[in-house]
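K.L.:
After the structure tokens below, expect a handful of questions from me.
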Amino acid sequence: MELIVKFMVEKRAGKGEDSEPLSLPKEAFCAVGVFDGMGGAGAVPCNSSFGEGHTKAYVASRIVEKAVYDLLTNSADLNEIKPDKLHQTIAERLQFEREKYPTKASGLRSRLVREYPTTLAVITASRTPTGSYEVVSYWAGDSHNYLWNSEGFYQISKDDLNSDLDPLENLHDDASLSNCVCADRDFVINEKRISTKGKFVIFSATDGCFGYLPTPMHFNELMRSTLADSQDCEEWQEKIKKETSRVTGDDTSLSLIAIGYEDFDELKDSLGQQSIKGIDKLNRIKSEISKLKQKIKDKEDLLQISIQEEWDNYKSEYLCYLTREEEAQNNKGAIKSSSEAAEGAPNDTGKPETGNEKPEIEDKKEIESTEGSDKDKEEKPDDLDISPAAGDIKESSDSNSILKTGINLFKSLF
């Protein structure tokens with residue numbers, strides 16, 4: 001029974017630089033493979049049979065996958081498949097692409113830029129005359145090949161890096177590649193041959209599947225737990241896609257074939273219950289850290305609330321001198337404004353007061369009283385006995401005498 005899982009998920013629809021995975025179950029042998037176009041080194045857009053607007057990384061992964069698939073399909077047995085043969089087939093296909101779709105020379109010069117760059121990770125498995133299996137791992141770049149059986153979970157490819165980092169170190173340091181498939185420079189197809197017996201799983205995966213997890217053990221746990229929670233290959237495939245897509249920041253592609261198992265239940269019973277060294281301890285510590293982080297966050301929130309509350313209690317005394325000075329200035333300003341408003345206010349005539357106006361008698365009764373007093377004076381009889389102390393009467397008499405004297409003098413002159 002064929003037990004197959006394969007998928008490719010694009011991070012951006014229509015722009016994914018992983019190709020569709022290679023999956024080839026033949027009677028004489030089977031093969032899986034993945035190809036990850038290197039978007040940084042091959043970001044230059046180009047024309048191709050895939051249409052305009054795609055990068056050389058996008059095109060490279062797809063034409064190399066097709067070249068390898070055709071080579072394997074047309075081979076009678078795996079004796080024809082050697083690293084040199086793979087290299088020749090791929091190099092010829094890339095050269096054909098360059099000649100068919102020439103591009104203008106770019107002014108950009110960098111040792112990091114490549115023509116049609118892609119990774120390659122391919123596994124073949126075939127039965128030997130002795131009943132065992134020969135598993136052959138081919139790779140260029142940092143996509144991975146894996147062998148998984150009841151005894152363990154094994155990486156069977158080694159990343160081509162410019163530094164000597166192990167898989168855990170490279171997850172965190174992400175070293176640059178020293179080798180990849182490309183059209184403008186020579187490249188190497190690495191090979192690893194393994195003999196195994198019994199039932200096993202082979203699969204290839206691009207770094208989007210494993211490169212965003214904390215450790216290689218976590219990738220092992222992802223594959224195991226999704227298998228344990230599934231009822232068939234279709235469900236397992238969807239769960240792997242979901243879990244990798246949940247954590248990754250890249251395209252993901254994976255191709256898997258289980259060999260020797262009667263059905264999915266046997267595969268699940270064999271591999272789905274495996275214990276992974278150290279993973280329980282790592283998960284426990286991670287859970288404790290998550291709880292501590294939540295407690296710290298709660299305390300940080302409480303701290304901010306307490307800071308505001310205590311400041312509200314503290315600031316009235318802390319700023320008392322400044323507050324009193326401000327209040328005095330505010331009061332002084334209020335008095336000045338009130339005075340200015342009073343001086344500029346209009347009087348009953350509608351004109352502003354200047355301060356030189358004569359006071360007006362506003363009381364009507366007072367006016368009437370004054371008028372009545374003057375009238376009484378005019379109506380007094382001439383024989384009224386007025387005291388000589390009345391200065392106004394005396395002044396009137398003297399004036400009459402002077403007037404008469406003046407008139408007589410004027411007449412005598414003429």
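Identifiers in this document derive from the order of the structure tokens: chains are assigned A, B, ..., residues are numbered from 1 separately in each chain, and ligands are numbered from 1 in order of occurrence.
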Determine, counting only C-alpha atoms, which protein, DNA and RNA residues have an atom within 8 Å of an atom of Val59 in chain A; residues of the same chain fewer than 2 positions away are not included. Present the result as an NGL selection string.
P.N.:
:A and (17 or 37 or 48 or 50 or 54-57 or 61-63 or 116)
K.L.:
With C-alpha atoms kept, could you save the residues just selected as an mmCIF file, in the first residue's frame?
P.N.:
```cif
data_model
loop_
_atom_site.group_PDB
_atom_site.id
_atom_site.type_symbol
_atom_site.label_atom_id
_atom_site.label_comp_id
_atom_site.auth_asym_id
_atom_site.auth_seq_id
_atom_site.Cartn_x
_atom_site.Cartn_y
_atom_site.Cartn_z
ATOM 1 C CA GLU A 17 9.794 29.970 -4.739
ATOM 2 C CA GLY A 37 14.420 28.645 -5.114
ATOM 3 C CA SER A 48 10.247 32.079 -18.837
ATOM 4 C CA PHE A 50 5.941 30.338 -16.570
ATOM 5 C CA HIS A 54 8.659 35.660 -11.879
ATOM 6 C CA THR A 55 12.112 35.659 -10.334
ATOM 7 C CA LYS A 56 14.968 33.432 -11.415
ATOM 8 C CA ALA A 57 14.641 31.664 -8.058
ATOM 9 C CA SER A 61 13.243 25.400 -8.492
ATOM 10 C CA ARG A 62 10.621 24.375 -11.027
ATOM 11 C CA ILE A 63 12.844 23.581 -13.991
ATOM 12 C CA TYR A 116 18.786 30.506 -11.358
#
```
K.L.:
Would you please extract all strand (DSSP E or B) residues from range 139-362 of chain A, as assigned by DSSP on the backbone, and give them as a count of residues only?
P.N.:
38
K.L.:
Would you please extract all alpha helix (DSSP H) residues from range 57-251 of chain A, as assigned by DSSP on the backbone, and give them as number ranges by chain?
P.N.:
A: 57-73, 83-100, 167-173, 207-210, 216-228, 233-247
K.L.:
Looking at A:Gly39, A:Gly260, A:Gly272, A:Gly53, which one is nearest to Lys197 in chain A, with distances taken over only C-alpha atoms?
P.N.:
A:Gly260
K.L.:
I'd like the contact shell of Arg127 in chain A - 8 Å cut-off, only C-alpha atoms, skipping same-chain residues fewer than 5 positions apart - returned as a ChimeraX atom specification.
P.N.:
/A:28-29,132-134
K.L.:
Go through A:Gln329, A:Thr215, A:Thr248, A:Ser306 one by one, measure the shortest atom-to-atom distance of each to Asn283 in chain A using only C-alpha atoms, and give the residue with the smallest value.
P.N.:
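Going through A:Gln329, A:Thr215, A:Thr248, A:Ser306 one by one, the smallest distance to Asn283 in chain A is for A:Thr215.
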K.L.:
Looking at only C-alpha atoms, which of A:Pro214, A:Arg12, A:Ile257, A:Val247 is the one that sits closest to Lys286 in chain A?
P.N.:
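Nearest candidate to Lys286 in chain A out of A:Pro214, A:Arg12, A:Ile257, A:Val247: A:Pro214.
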